[in-house]
$ cat my_file.cif   # mmCIF, C-alpha atoms
data_work
loop_
_atom_site.label_atom_id
_atom_site.label_comp_id
_atom_site.auth_asym_id
_atom_site.auth_seq_id
_atom_site.Cartn_x
_atom_site.Cartn_y
_atom_site.Cartn_z
CA MET A 1 84.88 -144.84 -149.05
CA THR A 2 88.60 -145.04 -149.67
CA ALA A 3 90.86 -147.66 -148.19
CA VAL A 4 94.34 -146.61 -147.12
CA ALA A 5 96.52 -148.79 -149.27
CA PHE A 6 99.78 -146.83 -149.07
CA CYS A 7 101.78 -145.11 -146.36
CA THR A 8 101.52 -141.32 -146.73
CA GLY A 9 105.01 -140.92 -145.29
CA CYS A 10 107.02 -143.15 -147.65
CA GLY A 11 104.59 -144.28 -150.35
CA ARG A 12 105.15 -147.98 -149.75
CA PRO A 13 102.22 -150.39 -149.59
CA ARG A 14 100.74 -150.15 -146.15
CA GLU A 15 101.63 -153.71 -145.19
CA ARG A 16 105.31 -153.06 -146.00
CA CYS A 17 105.62 -150.00 -143.77
CA ALA A 18 105.57 -150.30 -140.00
CA GLY A 19 104.54 -146.65 -139.87
CA CYS A 20 106.93 -143.90 -140.73
CA GLY A 21 104.53 -141.00 -140.36
CA ARG A 22 105.81 -138.21 -138.15
CA SER A 23 103.39 -135.91 -136.44
CA LEU A 24 105.06 -132.81 -137.87
CA ASP A 25 105.12 -133.88 -141.51
CA PRO A 26 102.27 -133.40 -143.95
CA PRO A 27 101.42 -136.48 -146.02
CA ARG A 28 103.70 -136.81 -149.03
CA PHE A 29 102.24 -139.85 -150.80
CA CYS A 30 98.68 -140.59 -151.84
CA PRO A 31 97.06 -143.09 -149.45
CA THR A 32 95.12 -144.58 -152.36
CA CYS A 33 97.78 -145.08 -155.03
CA GLY A 34 101.12 -144.26 -153.36
CA ARG A 35 102.01 -141.50 -155.87
CA ARG A 36 104.02 -138.55 -154.63
CA MET A 37 101.66 -135.65 -154.04
CA ALA A 38 102.24 -131.93 -154.63
CA VAL A 39 102.10 -130.45 -151.14
CA VAL A 40 101.61 -126.80 -150.26
CA VAL A 41 102.41 -125.85 -146.67
CA THR A 42 101.26 -122.45 -145.38
CA PRO A 43 101.73 -121.02 -141.88
CA LEU A 44 98.38 -122.41 -140.70
CA SER A 45 97.58 -125.31 -142.96
CA TRP A 46 98.65 -127.61 -145.75
CA ARG A 47 97.11 -129.35 -148.72
CA ALA A 48 98.37 -132.30 -150.71
CA ARG A 49 97.23 -133.07 -154.23
CA CYS A 50 97.42 -136.40 -156.03
CA LEU A 51 97.10 -136.16 -159.80
CA GLU A 52 94.77 -139.12 -159.75
CA HIS A 53 92.93 -138.90 -156.45
CA GLY A 54 92.46 -135.24 -155.67
CA THR A 55 93.31 -133.15 -152.65
CA LEU A 56 93.78 -133.83 -148.95
CA GLY A 57 93.76 -131.08 -146.35
CA GLY A 58 93.24 -127.39 -147.01
CA ASP A 59 91.60 -124.47 -145.28
CA GLY A 60 88.94 -125.25 -142.77
CA GLU A 61 89.47 -128.98 -142.84
CA PRO A 62 90.80 -130.82 -139.86
CA GLU A 63 93.23 -132.73 -142.06
CA GLY A 64 94.92 -129.49 -142.99
CA ARG A 65 95.72 -128.36 -139.49
CA PRO A 66 99.13 -128.70 -137.92
CA ARG A 67 99.84 -131.88 -135.96
CA ALA A 68 97.12 -133.72 -137.84
CA HIS A 69 99.33 -136.16 -139.68
CA ALA A 70 98.07 -139.20 -137.88
CA GLY A 71 94.50 -138.31 -138.74
CA VAL A 72 95.14 -137.86 -142.40
CA GLU A 73 95.45 -141.47 -143.30
CA VAL A 74 91.92 -141.83 -144.51
CA SER A 75 90.34 -144.91 -143.03
CA PRO A 76 87.27 -146.68 -144.42
CA ASP A 77 85.28 -145.03 -141.63
CA THR A 78 86.48 -141.54 -142.41
CA PRO A 79 86.52 -141.08 -146.15
CA GLY A 80 88.06 -137.59 -146.00
CA GLU A 81 88.34 -135.64 -149.18
CA LEU A 82 89.64 -138.16 -151.71
CA ASP A 83 87.75 -138.16 -154.94
CA MET B 1 111.79 -142.81 -139.56
CA THR B 2 109.73 -143.31 -136.44
CA GLU B 3 109.87 -140.66 -133.79
CA PRO B 4 112.37 -141.33 -131.01
CA THR B 5 110.87 -142.63 -127.80
CA PRO B 6 111.98 -141.12 -124.53
CA THR B 7 114.88 -142.95 -122.92
CA ALA B 8 113.95 -144.69 -119.69
CA THR B 9 116.97 -143.41 -117.82
CA PRO B 10 118.10 -139.91 -118.75
CA VAL B 11 121.84 -139.41 -118.97
CA ALA B 12 122.91 -137.27 -116.04
CA ILE B 13 124.59 -133.97 -116.80
CA GLY B 14 128.28 -133.56 -116.22
CA PHE B 15 129.46 -131.48 -113.27
CA THR B 16 132.19 -128.92 -113.17
CA ARG B 17 135.29 -129.70 -111.12
CA ASP B 18 135.93 -126.01 -110.75
CA PRO B 19 132.71 -124.25 -109.71
CA ALA B 20 134.55 -121.12 -108.59
CA GLY B 21 136.31 -120.89 -111.96
CA ALA B 22 132.99 -121.26 -113.79
CA ARG B 23 131.39 -118.54 -111.66
CA GLU B 24 134.30 -116.23 -112.34
CA LEU B 25 134.08 -116.82 -116.09
CA LEU B 26 130.37 -116.07 -116.07
CA ALA B 27 130.89 -112.98 -113.90
CA ARG B 28 133.49 -111.63 -116.31
CA ALA B 29 131.13 -112.18 -119.27
CA SER B 30 128.34 -110.52 -117.30
CA GLY B 31 130.52 -107.52 -116.54
CA ALA B 32 131.52 -107.14 -120.17
CA LEU B 33 128.05 -107.49 -121.67
CA LEU B 34 125.86 -105.92 -118.99
CA ASP B 35 128.08 -103.34 -117.28
CA ASP B 36 130.60 -102.33 -119.94
CA ARG B 37 128.28 -103.11 -122.88
CA ARG B 38 131.16 -104.56 -124.81
CA PRO B 39 130.94 -107.65 -127.02
CA LEU B 40 132.92 -110.68 -125.92
CA ALA B 41 136.09 -111.71 -127.72
CA ASP B 42 136.15 -115.04 -129.58
CA GLU B 43 138.43 -116.46 -126.85
CA GLU B 44 135.95 -115.53 -124.12
CA LEU B 45 133.16 -117.28 -126.04
CA ALA B 46 135.35 -120.37 -126.46
CA ALA B 47 135.93 -120.48 -122.70
CA LEU B 48 132.19 -120.24 -122.04
CA ALA B 49 131.51 -122.97 -124.62
CA ALA B 50 133.80 -125.29 -122.67
CA LEU B 51 131.80 -124.99 -119.44
CA PRO B 52 130.40 -128.35 -118.27
CA ASP B 53 126.73 -129.27 -118.59
CA ASP B 54 125.83 -128.18 -115.06
CA GLN B 55 126.69 -124.62 -116.05
CA VAL B 56 124.13 -124.49 -118.87
CA VAL B 57 121.44 -122.98 -116.63
CA PRO B 58 123.64 -120.10 -115.38
CA LEU B 59 124.90 -119.65 -118.95
CA ALA B 60 121.30 -119.44 -120.20
CA ALA B 61 120.37 -117.07 -117.35
CA LEU B 62 123.18 -114.73 -118.34
CA ALA B 63 122.14 -114.94 -122.01
CA HIS B 64 118.59 -114.04 -121.00
CA GLN B 65 119.79 -111.01 -119.02
CA VAL B 66 121.87 -109.95 -122.03
CA ARG B 67 118.88 -110.30 -124.34
CA LEU B 68 116.71 -108.20 -121.98
CA ALA B 69 119.39 -105.55 -121.58
CA TRP B 70 120.25 -105.30 -125.27
CA ARG B 71 116.89 -105.98 -126.92
CA GLY B 72 114.15 -105.86 -124.26
CA PRO B 73 111.40 -108.40 -123.60
CA ASN B 74 109.58 -108.22 -126.96
CA VAL B 75 109.44 -111.23 -129.22
CA GLU B 76 109.18 -110.83 -132.98
CA VAL B 77 106.84 -113.30 -134.63
CA GLU B 78 107.19 -114.25 -138.28
CA GLY B 79 105.35 -116.51 -140.71
CA ILE B 80 107.15 -118.16 -143.62
CA LEU B 81 105.91 -119.61 -146.87
CA SER B 82 107.63 -121.87 -149.35
CA ALA B 83 106.25 -120.17 -152.45
CA ARG B 84 108.23 -122.39 -154.82
CA THR B 85 109.00 -125.80 -153.45
CA GLY B 86 111.48 -128.50 -154.45
CA GLY B 87 113.41 -128.98 -157.66
CA CYS B 88 116.39 -127.00 -156.39
CA PRO B 89 119.61 -127.70 -158.34
CA GLU B 90 121.81 -127.26 -155.25
CA ASP B 91 122.88 -130.18 -153.08
CA CYS B 92 122.64 -128.85 -149.50
CA HIS B 93 122.82 -132.21 -147.73
CA PHE B 94 120.20 -131.35 -145.11
CA CYS B 95 117.54 -130.19 -147.56
CA SER B 96 114.54 -132.17 -148.77
CA GLN B 97 114.04 -129.70 -151.63
CA SER B 98 117.17 -130.60 -153.60
CA SER B 99 116.45 -132.29 -156.92
CA ARG B 100 119.61 -134.35 -156.41
CA PHE B 101 118.15 -136.50 -153.63
CA ASP B 102 115.36 -139.03 -153.66
CA SER B 103 113.18 -136.97 -151.35
CA PRO B 104 109.42 -137.31 -150.86
CA VAL B 105 109.07 -133.58 -151.56
CA LYS B 106 107.63 -133.07 -155.03
CA ALA B 107 108.56 -129.92 -156.94
CA THR B 108 105.73 -127.42 -157.26
CA PRO B 109 105.72 -124.19 -159.28
CA PHE B 110 105.61 -120.64 -157.89
CA LEU B 111 102.29 -120.25 -156.07
CA ASP B 112 99.93 -117.72 -157.56
CA ASP B 113 99.43 -114.28 -156.03
CA ALA B 114 96.16 -115.23 -154.32
CA GLU B 115 97.81 -118.16 -152.50
CA VAL B 116 100.73 -116.06 -151.33
CA LEU B 117 98.38 -113.31 -150.15
CA ALA B 118 96.21 -115.82 -148.30
CA ALA B 119 99.27 -117.17 -146.46
CA ALA B 120 100.33 -113.60 -145.59
CA ARG B 121 96.87 -112.91 -144.20
CA GLU B 122 97.11 -116.07 -142.08
CA THR B 123 100.41 -114.76 -140.75
CA ALA B 124 99.01 -111.31 -139.99
CA GLY B 125 96.07 -112.92 -138.19
CA LEU B 126 98.51 -114.50 -135.73
CA GLY B 127 99.87 -111.11 -134.69
CA ALA B 128 103.09 -111.51 -136.64
CA SER B 129 104.98 -108.52 -137.98
CA GLU B 130 107.08 -110.25 -140.63
CA PHE B 131 106.25 -112.56 -143.53
CA CYS B 132 108.98 -114.29 -145.50
CA ILE B 133 108.50 -115.55 -149.04
CA VAL B 134 110.94 -118.41 -149.61
CA LEU B 135 111.90 -119.96 -152.95
CA ALA B 136 113.88 -123.16 -153.48
CA VAL B 137 116.28 -121.79 -156.09
CA ARG B 138 120.01 -121.29 -156.51
CA GLY B 139 119.23 -117.65 -157.17
CA PRO B 140 116.37 -115.74 -158.77
CA ASP B 141 116.13 -115.79 -162.59
CA ALA B 142 114.63 -112.80 -164.43
CA ARG B 143 111.07 -114.14 -164.25
CA THR B 144 111.33 -114.99 -160.56
CA LEU B 145 112.75 -111.61 -159.75
CA ALA B 146 109.95 -109.89 -161.69
CA ARG B 147 107.36 -111.91 -159.74
CA LEU B 148 108.99 -111.04 -156.44
CA THR B 149 109.16 -107.34 -157.19
CA GLU B 150 105.41 -107.41 -157.90
CA LEU B 151 104.50 -109.59 -154.94
CA VAL B 152 106.42 -107.82 -152.20
CA PRO B 153 104.62 -104.44 -152.43
CA MET B 154 101.31 -106.27 -152.93
CA VAL B 155 101.71 -108.30 -149.72
CA ARG B 156 102.91 -105.25 -147.84
CA ALA B 157 99.94 -103.14 -148.99
CA GLU B 158 97.42 -105.88 -148.37
CA THR B 159 98.55 -106.97 -144.90
CA GLY B 160 100.77 -104.22 -143.47
CA LEU B 161 103.40 -106.87 -142.73
CA ASN B 162 107.10 -106.35 -143.25
CA VAL B 163 108.00 -108.59 -146.16
CA ALA B 164 111.16 -110.66 -146.21
CA VAL B 165 112.44 -112.75 -149.11
CA SER B 166 114.72 -115.76 -149.36
CA ALA B 167 115.64 -116.57 -152.95
CA GLY B 168 119.22 -117.76 -152.87
CA ILE B 169 122.38 -116.21 -154.22
CA LEU B 170 121.98 -112.62 -155.47
CA THR B 171 123.81 -110.44 -157.94
CA ASP B 172 124.31 -106.78 -157.18
CA ASP B 173 121.46 -105.94 -159.56
CA ASP B 174 119.14 -108.52 -157.96
CA ALA B 175 119.80 -107.03 -154.53
CA ARG B 176 119.18 -103.50 -155.79
CA ARG B 177 115.87 -104.48 -157.38
CA LEU B 178 114.66 -106.34 -154.31
CA ALA B 179 115.56 -103.39 -152.09
CA GLU B 180 113.70 -101.04 -154.44
CA ALA B 181 110.66 -103.33 -154.32
CA GLY B 182 110.52 -102.82 -150.55
CA VAL B 183 112.03 -106.05 -149.24
CA HIS B 184 112.49 -105.39 -145.54
CA ARG B 185 114.82 -108.24 -144.78
CA TYR B 186 116.61 -110.72 -147.03
CA ASN B 187 117.34 -114.20 -145.70
CA HIS B 188 120.47 -115.99 -146.75
CA ASN B 189 121.78 -118.48 -144.22
CA LEU B 190 125.43 -119.23 -143.71
CA GLU B 191 124.14 -122.54 -142.29
CA THR B 192 127.51 -123.69 -141.05
CA ALA B 193 131.16 -122.76 -140.57
CA ARG B 194 133.32 -122.06 -143.58
CA SER B 195 135.59 -124.99 -142.67
CA PHE B 196 132.64 -127.43 -142.63
CA PHE B 197 130.62 -126.02 -145.52
CA GLY B 198 132.25 -128.22 -148.17
CA SER B 199 131.03 -131.33 -146.33
CA ILE B 200 127.45 -130.09 -146.56
CA VAL B 201 127.24 -128.28 -149.91
CA THR B 202 129.31 -128.91 -153.04
CA THR B 203 127.35 -126.92 -155.64
CA HIS B 204 128.30 -123.49 -154.34
CA ARG B 205 130.87 -122.06 -151.99
CA TRP B 206 130.57 -120.54 -148.54
CA GLU B 207 132.14 -117.39 -149.94
CA GLU B 208 129.25 -116.99 -152.39
CA ARG B 209 126.86 -117.03 -149.47
CA ALA B 210 128.90 -114.49 -147.55
CA GLU B 211 129.05 -112.28 -150.65
CA THR B 212 125.24 -112.31 -151.00
CA CYS B 213 125.00 -111.36 -147.32
CA ARG B 214 127.31 -108.42 -147.96
CA LEU B 215 125.22 -107.32 -150.96
CA VAL B 216 122.07 -107.37 -148.84
CA ARG B 217 123.63 -104.99 -146.36
CA GLU B 218 125.11 -102.83 -149.08
CA HIS B 219 121.64 -102.30 -150.54
CA GLN B 220 120.27 -101.43 -147.12
CA MET B 221 117.97 -104.36 -146.65
CA GLU B 222 118.11 -105.93 -143.21
CA LEU B 223 120.24 -109.06 -143.27
CA CYS B 224 118.84 -112.30 -141.91
CA SER B 225 121.48 -115.02 -141.94
CA GLY B 226 120.86 -118.21 -140.05
CA VAL B 227 122.55 -121.35 -138.88
CA LEU B 228 121.71 -125.02 -138.91
CA LEU B 229 123.15 -126.87 -135.95
CA GLY B 230 123.52 -130.62 -135.69
CA MET B 231 124.96 -131.59 -139.08
CA GLY B 232 128.10 -133.12 -137.60
CA GLU B 233 130.05 -129.92 -137.06
CA THR B 234 132.36 -129.76 -134.04
CA ASP B 235 132.06 -127.31 -131.16
CA ALA B 236 135.07 -125.49 -132.59
CA GLN B 237 133.23 -125.17 -135.90
CA ARG B 238 130.16 -123.78 -134.14
CA LEU B 239 132.38 -121.16 -132.56
CA GLU B 240 133.94 -120.50 -135.95
CA LEU B 241 130.46 -120.00 -137.42
CA LEU B 242 129.55 -117.64 -134.61
CA SER B 243 132.67 -115.63 -135.27
CA GLN B 244 131.93 -115.52 -139.01
CA LEU B 245 128.40 -114.30 -138.29
CA ARG B 246 129.80 -111.62 -136.00
CA ASP B 247 131.87 -110.40 -138.94
CA LEU B 248 128.80 -110.21 -141.20
CA GLN B 249 126.73 -108.37 -138.57
CA PRO B 250 123.30 -109.73 -139.47
CA ASP B 251 120.23 -108.02 -138.04
CA GLU B 252 118.69 -111.42 -137.49
CA VAL B 253 120.05 -114.93 -137.00
CA PRO B 254 117.53 -117.77 -137.23
CA ILE B 255 118.70 -120.84 -135.33
CA ASN B 256 117.68 -124.06 -137.05
CA PHE B 257 118.32 -127.52 -135.64
CA LEU B 258 118.71 -130.43 -138.01
CA ASN B 259 115.47 -132.30 -138.46
CA PRO B 260 116.80 -135.25 -140.49
CA ARG B 261 114.85 -135.50 -143.74
CA PRO B 262 114.20 -138.79 -145.52
CA GLY B 263 116.19 -139.26 -148.70
CA THR B 264 118.83 -136.65 -147.88
CA PRO B 265 122.45 -137.51 -147.07
CA LEU B 266 121.81 -136.45 -143.45
CA ALA B 267 118.67 -138.60 -143.11
CA ASP B 268 120.22 -140.90 -140.53
CA ARG B 269 121.74 -138.30 -138.22
CA GLN B 270 120.13 -137.95 -134.82
CA PRO B 271 118.82 -134.53 -133.79
CA ILE B 272 121.08 -132.89 -131.24
CA ASP B 273 120.39 -133.20 -127.55
CA ALA B 274 117.98 -130.63 -126.09
CA TRP B 275 120.42 -129.58 -123.36
CA GLU B 276 123.14 -129.03 -125.94
CA ALA B 277 120.71 -126.93 -127.98
CA ILE B 278 120.04 -124.67 -124.97
CA ARG B 279 123.78 -124.27 -124.42
CA TRP B 280 124.28 -123.13 -128.03
CA ILE B 281 121.30 -120.79 -128.04
CA ALA B 282 122.85 -119.12 -124.99
CA LEU B 283 126.29 -118.95 -126.62
CA PHE B 284 124.85 -117.42 -129.79
CA ARG B 285 123.12 -114.76 -127.68
CA LEU B 286 126.33 -114.04 -125.77
CA GLY B 287 128.21 -113.78 -129.08
CA LEU B 288 125.51 -111.71 -130.80
CA PRO B 289 124.06 -109.62 -127.96
CA GLY B 290 122.11 -107.15 -130.10
CA THR B 291 120.94 -109.50 -132.84
CA ILE B 292 117.42 -110.79 -133.33
CA LEU B 293 117.82 -114.49 -132.52
CA ARG B 294 114.96 -116.46 -133.97
CA TYR B 295 113.69 -119.94 -133.25
CA ALA B 296 113.40 -121.66 -136.63
CA GLY B 297 113.09 -125.18 -138.00
CA GLY B 298 113.74 -128.26 -135.91
CA ARG B 299 112.98 -126.72 -132.52
CA GLU B 300 110.02 -129.01 -131.89
CA VAL B 301 111.97 -132.21 -132.51
CA THR B 302 115.14 -131.00 -130.81
CA LEU B 303 113.91 -129.10 -127.76
CA ARG B 304 110.55 -130.74 -127.20
CA ASP B 305 109.49 -129.61 -123.69
CA LEU B 306 112.48 -127.29 -123.38
CA GLN B 307 111.13 -124.81 -125.95
CA ALA B 308 110.21 -122.28 -123.25
CA MET B 309 113.70 -122.62 -121.81
CA GLY B 310 115.19 -121.50 -125.14
CA MET B 311 113.12 -118.33 -124.80
CA THR B 312 114.91 -117.65 -121.52
CA ALA B 313 118.30 -118.54 -122.99
CA GLY B 314 118.52 -115.76 -125.55
CA ILE B 315 115.85 -116.32 -128.20
CA ASN B 316 113.76 -113.21 -128.91
CA ALA B 317 111.92 -114.10 -132.11
CA LEU B 318 110.20 -117.11 -133.56
CA ILE B 319 108.73 -118.58 -136.69
CA ILE B 320 105.13 -119.32 -135.92
CA GLY B 321 103.02 -122.08 -137.43
CA ASN B 322 104.39 -124.28 -140.16
CA TYR B 323 107.80 -124.24 -141.77
CA LEU B 324 108.65 -124.67 -145.45
CA THR B 325 107.95 -128.37 -145.93
CA THR B 326 107.31 -129.50 -142.35
CA LEU B 327 104.71 -128.51 -139.80
CA GLY B 328 105.26 -126.54 -136.62
CA ARG B 329 103.46 -126.88 -133.36
CA SER B 330 100.16 -125.08 -132.95
CA PRO B 331 100.44 -121.26 -132.97
CA ASP B 332 98.22 -121.23 -129.88
CA GLU B 333 100.90 -123.13 -127.96
CA ASP B 334 103.56 -120.61 -128.94
CA LEU B 335 101.38 -117.61 -128.15
CA ARG B 336 100.42 -119.09 -124.78
CA MET B 337 104.09 -119.78 -124.06
CA LEU B 338 104.92 -116.10 -124.74
CA GLU B 339 102.04 -114.99 -122.56
CA ASP B 340 103.21 -117.23 -119.73
CA LEU B 341 106.74 -115.91 -120.11
CA ARG B 342 105.40 -112.32 -120.13
CA MET B 343 107.08 -111.59 -123.40
CA PRO B 344 104.97 -109.22 -125.53
CA VAL B 345 104.77 -109.86 -129.27
CA GLY B 346 106.17 -106.94 -131.24
CA ALA B 347 108.31 -106.01 -134.21
CA LEU B 348 112.02 -105.67 -133.59
CA SER B 349 113.97 -103.40 -135.85
CA ALA B 350 117.63 -103.33 -136.59
CA VAL B 351 119.87 -101.93 -133.86
CA ILE B 352 121.32 -98.66 -135.06
#
$ encode --input "my_file.cif" --output "structure tokens"
Amino acid sequence: MTAVAFCTGCGRPRERCAGCGRSLDPPRFCPTCGRRMAVVVTPLSWRARCLEHGTLGGDGEPEGRPRAHAGVEVSPDTPGELD
Amino acid sequence: MTEPTPTATPVAIGFTRDPAGARELLARASGALLDDRRPLADEELAALAALPDDQVVPLAALAHQVRLAWRGPNVEVEGILSARTGGCPEDCHFCSQSSRFDSPVKATPFLDDAEVLAAARETAGLGASEFCIVLAVRGPDARTLARLTELVPMVRAETGLNVAVSAGILTDDDARRLAEAGVHRYNHNLETARSFFGSIVTTHRWEERAETCRLVREHQMELCSGVLLGMGETDAQRLELLSQLRDLQPDEVPINFLNPRPGTPLADRQPIDAWEAIRWIALFRLGLPGTILRYAGGREVTLRDLQAMGMTAGINALIIGNYLTTLGRSPDEDLRMLEDLRMPVGALSAVI
């Protein structure tokens, strides 16, 4: 299980961001370490890769679908794809 | 950075003090565009642009009739892919992909062939006819150009889609090679009026953009040259831009609305008002009656529930699914909207 320590919209520690995620933006920062991620956006999906913590989103995964930004912030109950 | 919440009390639209004058202006434009089939003069467009807010619906209705008369009911659907993201040396103040701003967008190298082909297949699966490969570069270097000339025929052969490219400023030789590789349409946006361009971009000149547009036409690729509304330009500058586009005669004009990006100089600007966006869609259709007018970035945040209205105000093409670095609304919503509007999806070619 992976706690969400950082905001995926701005990369700040979670407690210092009131929530800047927009529904039409893919995550840009790793929820685990706050590093900027390399994000690939395709017409139907997206995936975001942290050098340290692996990939979020991608084909066939709910995190990778449009309008899924809110769901991407991996909570302790939904570990997602972080490795 | 939070999304705007709806205002409790909407601001009422302004009313014309001269309804008969407004009707006469619209009737004259209708006569010119629908009966005489003649384009409007810049002065006629300026008069229409000055109509009060309560005339936006009749203005949009006329624009819709003009679109149907000049281009029919079909809507061209396109998918786009940022195949090389971020790290751009240019300083376009609206863009999250400039290396000069502290943007959350991390630079990524040119995607490999398999990734580009997969994105093209996604696009084809949505019923689109056009797929645009977009690179965040000032212009293509030799290696980039070589990749593009390999990729374009590959995507075309694999998917049957028309392939468009957007790779910045071109030389004559670049344009020739891209045309030879089978590029159907080349995208190079003017973005804004010549008189405002220096406030938005300092690393290249408006004239360089216009020159690339001319090269695209010279080498017989279709020209796609878009606009980005809402960067602080005046109404007069929007009209100036429209006039400059009319001079360039693009086959397609994508209409983008500013979606303020964190870290960019325009991060704190508010998106333009939805009603204002409808007005300008209509004016662009009235100024460019035969052009493919495409919904592009920012429509979700700007128009929200008025997206269908834009389709009856002159738009006859759209980018489906996600954009370059931001997400779009679900393709199903767009396809259902077109079905409800009885607008068949189909390729639109250049008007001869």
$ resolve_selection --input "my_file.cif" --expression "the PyMOL selection byres ((chain B and resi 68) around 10)" --output "count of residues only"
18
$ closest_atom_pairs --input "my_file.cif" --of "chain A" --to "chain B" --cutoff "10 Å" --atoms "only C-alpha atoms" --output "tab-separated table"
residue	atom	partner	partner_atom	distance
A:Thr8	CA	B:Pro104	CA	9.8
A:Gly9	CA	B:Pro104	CA	8.0
A:Cys10	CA	B:Pro104	CA	7.1
A:Gly11	CA	B:Pro104	CA	8.5
A:Ala18	CA	B:Thr2	CA	8.9
A:Gly19	CA	B:Thr2	CA	7.1
A:Cys20	CA	B:Met1	CA	5.1
A:Gly21	CA	B:Thr2	CA	6.9
A:Arg22	CA	B:Glu3	CA	6.4
A:Ser23	CA	B:Leu327	CA	8.2
A:Leu24	CA	B:Leu327	CA	4.7
A:Asp25	CA	B:Thr326	CA	5.0
A:Pro26	CA	B:Thr326	CA	6.6
A:Pro27	CA	B:Pro104	CA	9.4
A:Arg28	CA	B:Pro104	CA	6.0
A:Phe29	CA	B:Pro104	CA	7.6
A:Arg35	CA	B:Pro104	CA	9.9
A:Arg36	CA	B:Lys106	CA	6.6
A:Met37	CA	B:Lys106	CA	6.6
A:Ala38	CA	B:Lys106	CA	5.5
A:Val39	CA	B:Lys106	CA	7.3
A:Val40	CA	B:Ser82	CA	7.8
A:Val41	CA	B:Thr325	CA	6.1
A:Thr42	CA	B:Leu81	CA	5.6
A:Pro43	CA	B:Asn322	CA	4.5
A:Leu44	CA	B:Gly321	CA	5.7
A:Ser45	CA	B:Asn322	CA	7.4
A:Trp46	CA	B:Leu327	CA	8.5
A:Arg65	CA	B:Ser330	CA	8.6
A:Pro66	CA	B:Leu327	CA	5.9
A:Arg67	CA	B:Arg329	CA	6.7
A:Ala68	CA	B:Leu327	CA	9.4
A:His69	CA	B:Leu327	CA	9.4
$ write_last_selection --input "my_file.cif" --atoms "C-alpha atoms" --output "PDB file, keeping the file's coordinate frame"
ATOM      1  CA  THR A   8     101.520-141.320-146.730  1.00  0.00           C
ATOM      2  CA  GLY A   9     105.010-140.920-145.290  1.00  0.00           C
ATOM      3  CA  CYS A  10     107.020-143.150-147.650  1.00  0.00           C
ATOM      4  CA  GLY A  11     104.590-144.280-150.350  1.00  0.00           C
ATOM      5  CA  ALA A  18     105.570-150.300-140.000  1.00  0.00           C
ATOM      6  CA  GLY A  19     104.540-146.650-139.870  1.00  0.00           C
ATOM      7  CA  CYS A  20     106.930-143.900-140.730  1.00  0.00           C
ATOM      8  CA  GLY A  21     104.530-141.000-140.360  1.00  0.00           C
ATOM      9  CA  ARG A  22     105.810-138.210-138.150  1.00  0.00           C
ATOM     10  CA  SER A  23     103.390-135.910-136.440  1.00  0.00           C
ATOM     11  CA  LEU A  24     105.060-132.810-137.870  1.00  0.00           C
ATOM     12  CA  ASP A  25     105.120-133.880-141.510  1.00  0.00           C
ATOM     13  CA  PRO A  26     102.270-133.400-143.950  1.00  0.00           C
ATOM     14  CA  PRO A  27     101.420-136.480-146.020  1.00  0.00           C
ATOM     15  CA  ARG A  28     103.700-136.810-149.030  1.00  0.00           C
ATOM     16  CA  PHE A  29     102.240-139.850-150.800  1.00  0.00           C
ATOM     17  CA  ARG A  35     102.010-141.500-155.870  1.00  0.00           C
ATOM     18  CA  ARG A  36     104.020-138.550-154.630  1.00  0.00           C
ATOM     19  CA  MET A  37     101.660-135.650-154.040  1.00  0.00           C
ATOM     20  CA  ALA A  38     102.240-131.930-154.630  1.00  0.00           C
ATOM     21  CA  VAL A  39     102.100-130.450-151.140  1.00  0.00           C
ATOM     22  CA  VAL A  40     101.610-126.800-150.260  1.00  0.00           C
ATOM     23  CA  VAL A  41     102.410-125.850-146.670  1.00  0.00           C
ATOM     24  CA  THR A  42     101.260-122.450-145.380  1.00  0.00           C
ATOM     25  CA  PRO A  43     101.730-121.020-141.880  1.00  0.00           C
ATOM     26  CA  LEU A  44      98.380-122.410-140.700  1.00  0.00           C
ATOM     27  CA  SER A  45      97.580-125.310-142.960  1.00  0.00           C
ATOM     28  CA  TRP A  46      98.650-127.610-145.750  1.00  0.00           C
ATOM     29  CA  ARG A  65      95.720-128.360-139.490  1.00  0.00           C
ATOM     30  CA  PRO A  66      99.130-128.700-137.920  1.00  0.00           C
ATOM     31  CA  ARG A  67      99.840-131.880-135.960  1.00  0.00           C
ATOM     32  CA  ALA A  68      97.120-133.720-137.840  1.00  0.00           C
ATOM     33  CA  HIS A  69      99.330-136.160-139.680  1.00  0.00           C
TER      34      HIS A  69
END
$ residues_around --input "my_file.cif" --residues "segment 236-250 of chain B" --least-positions-apart "3" --cutoff "8 Å" --atoms "only C-alpha atoms" --output "PyMOL selection string"
chain B and resi 42+45-46+190+192-196+210+213-214+222-225+229+233+253+284+287-288+291
$ write_last_selection --input "my_file.cif" --atoms "C-alpha atoms" --output "compact mmCIF listing (two decimals), keeping the file's coordinate frame"
# COMPACT_ATOMS: atom_id res chain seq x y z
CA ASP B 42 136.15 -115.04 -129.58
CA LEU B 45 133.16 -117.28 -126.04
CA ALA B 46 135.35 -120.37 -126.46
CA LEU B 190 125.43 -119.23 -143.71
CA THR B 192 127.51 -123.69 -141.05
CA ALA B 193 131.16 -122.76 -140.57
CA ARG B 194 133.32 -122.06 -143.58
CA SER B 195 135.59 -124.99 -142.67
CA PHE B 196 132.64 -127.43 -142.63
CA ALA B 210 128.90 -114.49 -147.55
CA CYS B 213 125.00 -111.36 -147.32
CA ARG B 214 127.31 -108.42 -147.96
CA GLU B 222 118.11 -105.93 -143.21
CA LEU B 223 120.24 -109.06 -143.27
CA CYS B 224 118.84 -112.30 -141.91
CA SER B 225 121.48 -115.02 -141.94
CA LEU B 229 123.15 -126.87 -135.95
CA GLU B 233 130.05 -129.92 -137.06
CA VAL B 253 120.05 -114.93 -137.00
CA PHE B 284 124.85 -117.42 -129.79
CA GLY B 287 128.21 -113.78 -129.08
CA LEU B 288 125.51 -111.71 -130.80
CA THR B 291 120.94 -109.50 -132.84
